[in-house]
Number of protein chains: 2
Amino acid sequence: MTKPIYEVKAQFFKTLGHPARIRVLEVLAGGPRSVSELQPDVGLEASHLSQQLSVLRKAGIVQAERQGSSQIYSVTDPQIFELLNVAKQLIITSLSGTEDMLAELDSMNYQPGRKKGSKR
Amino acid sequence: MTKPIYEVKAQFFKTLGHPARIRVLEVLAGGPRSVSELQPDVGLEASHLSQQLSVLRKAGIVQAERQGSSQIYSVTDPQIFELLNVAKQLIITSLSGTEDMLAELDSMNYQPGRKKGSKR
DNA sequence: TGACTATATGAGGAGTTTCTCATGTTGTCA
DNA sequence: TGACAACATGAGAAACTCCTCATATAGTCA
């Protein structure tokens with residue numbers, strides 16, 4: 001009952017298809033972190049974060065190691081960051097194609113009065 | 001109201017998180033195709049395929065061009081194939097890590113009586 | 001124009017995911 | 001041992017996604 005490749009791939013992408021899970025990976029790019037270190041950056045309620053981490057863990061994308069009373073999470077395979085980078089590239093390229101989003105970016109740059117750093 | 005990067009990324013991966021949509025991209029790797037050319041390979045009922053194509057279109061991952069009575073679909077940015085390849089690599093590496101799946105692969109190789117080529 | 005082909009859109013049930021709240025487990029430290 | 005901290009798990013409502021079926025639109029060709 002081995003699944004066809006495209007199903008495994010789709011499942012894999014699905015696992016990445018959640019803002020909090022992406023956020024976790026972005027933070028882990030800076031090195032291993034405990035759950036309580038992740039929490040403020042990801043900004044989820046503790047149990048919810050735990051659930052999202054469990055999704056990433058079950059997919060084999062991150063791994064946890066107990067250290068005293070904390071669990072230290074880290075990515076299993078640094079290639080994941082390459083994937084995130086290619087995705088970013090694709091998004092940038094694609095933004096240049098869709099007029100409205102480009103316009104939005106434009107307006108961000110051309111209005112010096114706006115707090116540009118206020119996102120996030 | 002610009003979305004934070006991790007939301008856009010998550011949305012992007014979500015778009016890839018469906019077997020049929022991955023399948024479409026795999027077929028389009030061989031060059032542009034009309035909907036009716038895609039259909040047998042993807043194996044969805046026509047209207048369902050149309051809906052999935054619309055998801056990919058709205059995400060800017062594929063584009064359609066009318067040619068007579070057919071729509072010819074193609075990928076917008078060939079970098080998407082790089083993404084699919086990195087994903088494949090990650091999956092392969094990750095398979096080597098999870099014992100059960102490796103065992104499954106093993107059993108495929110060690111049973112000569114089985115039709116190995118029967119998938120897909 | 002009418003019949004036909006190719007593709008798209010909409011509505012709705014079934015299934016899945018997300019998130020909250022309550023509770024469980026495991027480790028630390030006094 | 002008991003109290004506390006750090007994390008995980010489970011149940012359930014709300015929101016979303018998938019898929020089917022019915023219908024719509026656009027192009028071709030007689």
# chains A, B, ... in the order shown; residues from 1 in each chain; ligands from 1
$ closest_atom_pairs --of "region 1-104 of chain A" --to "region 4-19 of chain D" --cutoff "8 Å" --atoms "only C-alpha atoms (C1' of nucleotides)" --output "JSON lines"
{"residue": "A:Val35", "atom": "CA", "partner": "D:DC7", "partner_atom": "C1'", "distance": 7.7}
{"residue": "A:Ser36", "atom": "CA", "partner": "D:DA6", "partner_atom": "C1'", "distance": 7.8}
{"residue": "A:Ser47", "atom": "CA", "partner": "D:DA8", "partner_atom": "C1'", "distance": 7.5}
{"residue": "A:Ser50", "atom": "CA", "partner": "D:DA8", "partner_atom": "C1'", "distance": 6.7}
{"residue": "A:Gln51", "atom": "CA", "partner": "D:DA8", "partner_atom": "C1'", "distance": 8.0}
{"residue": "A:Ser69", "atom": "CA", "partner": "D:DA6", "partner_atom": "C1'", "distance": 6.0}
{"residue": "A:Ser70", "atom": "CA", "partner": "D:DA6", "partner_atom": "C1'", "distance": 5.9}
{"residue": "A:Gln71", "atom": "CA", "partner": "D:DC7", "partner_atom": "C1'", "distance": 7.6}
$ select_by_dssp --residues "region 42-100 of chain A" --states "strand (DSSP E)" --output "VMD selection string"
chain A and resid 62 to 67 70 to 75
$ closest_residue --among "B:Ile5, B:Val75, B:Ala20, B:Val86" --to "Glu45 (chain B)" --atoms "only C-alpha atoms"
B:Ala20
$ residues_around --residues "DA22 (chain D)" --least-positions-apart "5" --cutoff "12 Å" --atoms "only C-alpha atoms (C1' of nucleotides)" --output "list of chain:residue names"
B:Ser47, C:DT9, C:DG10, C:DA11, C:DG12
$ write_last_selection --atoms "C-alpha atoms (C1' of nucleotides)" --output "PDB file, in the first residue's frame"
ATOM      1  CA  SER B  47     -15.418  19.808 -13.360  1.00  0.00           C
TER       2      SER B  47
ATOM      3  C1'  DT C   9     -18.907  27.896 -12.053  1.00  0.00           C
ATOM      4  C1'  DG C  10     -22.144  27.144  -8.152  1.00  0.00           C
ATOM      5  C1'  DA C  11     -24.491  24.630  -4.422  1.00  0.00           C
ATOM      6  C1'  DG C  12     -24.300  21.482  -0.900  1.00  0.00           C
TER       7       DG C  12
END
$ closest_atom_pairs --of "chain D" --to "chain B" --cutoff "8 Å" --atoms "only C-alpha atoms (C1' of nucleotides)" --output "tab-separated table"
residue	atom	partner	partner_atom	distance
D:DC19	C1'	B:His48	CA	7.1
D:DA26	C1'	B:Ser69	CA	7.5
D:DG27	C1'	B:Ser69	CA	4.9
D:DT28	C1'	B:Ser69	CA	7.4
$ write_last_selection --atoms "N, CA and C atoms (P, O5', C5', C4', C3', O3' and C1' of nucleotides)" --output "compact mmCIF listing (two decimals), in the first residue's frame"
# COMPACT_ATOMS: atom_id res chain seq x y z
P DC D 19 -10.77 15.42 -3.64
O5' DC D 19 -12.29 15.17 -4.05
C5' DC D 19 -13.09 14.33 -3.23
C4' DC D 19 -14.53 14.47 -3.67
C3' DC D 19 -14.74 14.26 -5.16
O3' DC D 19 -15.61 13.16 -5.32
C1' DC D 19 -15.87 16.17 -4.36
P DA D 26 -19.14 33.93 -22.12
O5' DA D 26 -18.28 33.04 -23.11
C5' DA D 26 -17.11 32.40 -22.63
C4' DA D 26 -16.51 31.57 -23.73
C3' DA D 26 -16.65 32.21 -25.11
O3' DA D 26 -15.38 32.11 -25.74
C1' DA D 26 -17.55 30.03 -25.14
P DG D 27 -15.06 32.67 -27.15
O5' DG D 27 -14.94 31.34 -28.01
C5' DG D 27 -13.86 30.44 -27.75
C4' DG D 27 -14.06 29.21 -28.60
C3' DG D 27 -14.14 29.51 -30.10
O3' DG D 27 -13.21 28.66 -30.75
C1' DG D 27 -15.97 28.17 -29.39
P DT D 28 -13.02 28.69 -32.30
O5' DT D 28 -13.90 27.44 -32.78
C5' DT D 28 -13.42 26.14 -32.46
C4' DT D 28 -14.35 25.12 -33.11
C3' DT D 28 -14.43 25.29 -34.64
O3' DT D 28 -14.25 23.99 -35.19
C1' DT D 28 -16.60 25.23 -33.67
$ atom_distance --atom1 "CA of Ala64 (chain A)" --atom2 "CA of Gln89 (chain B)"
21.8 Å
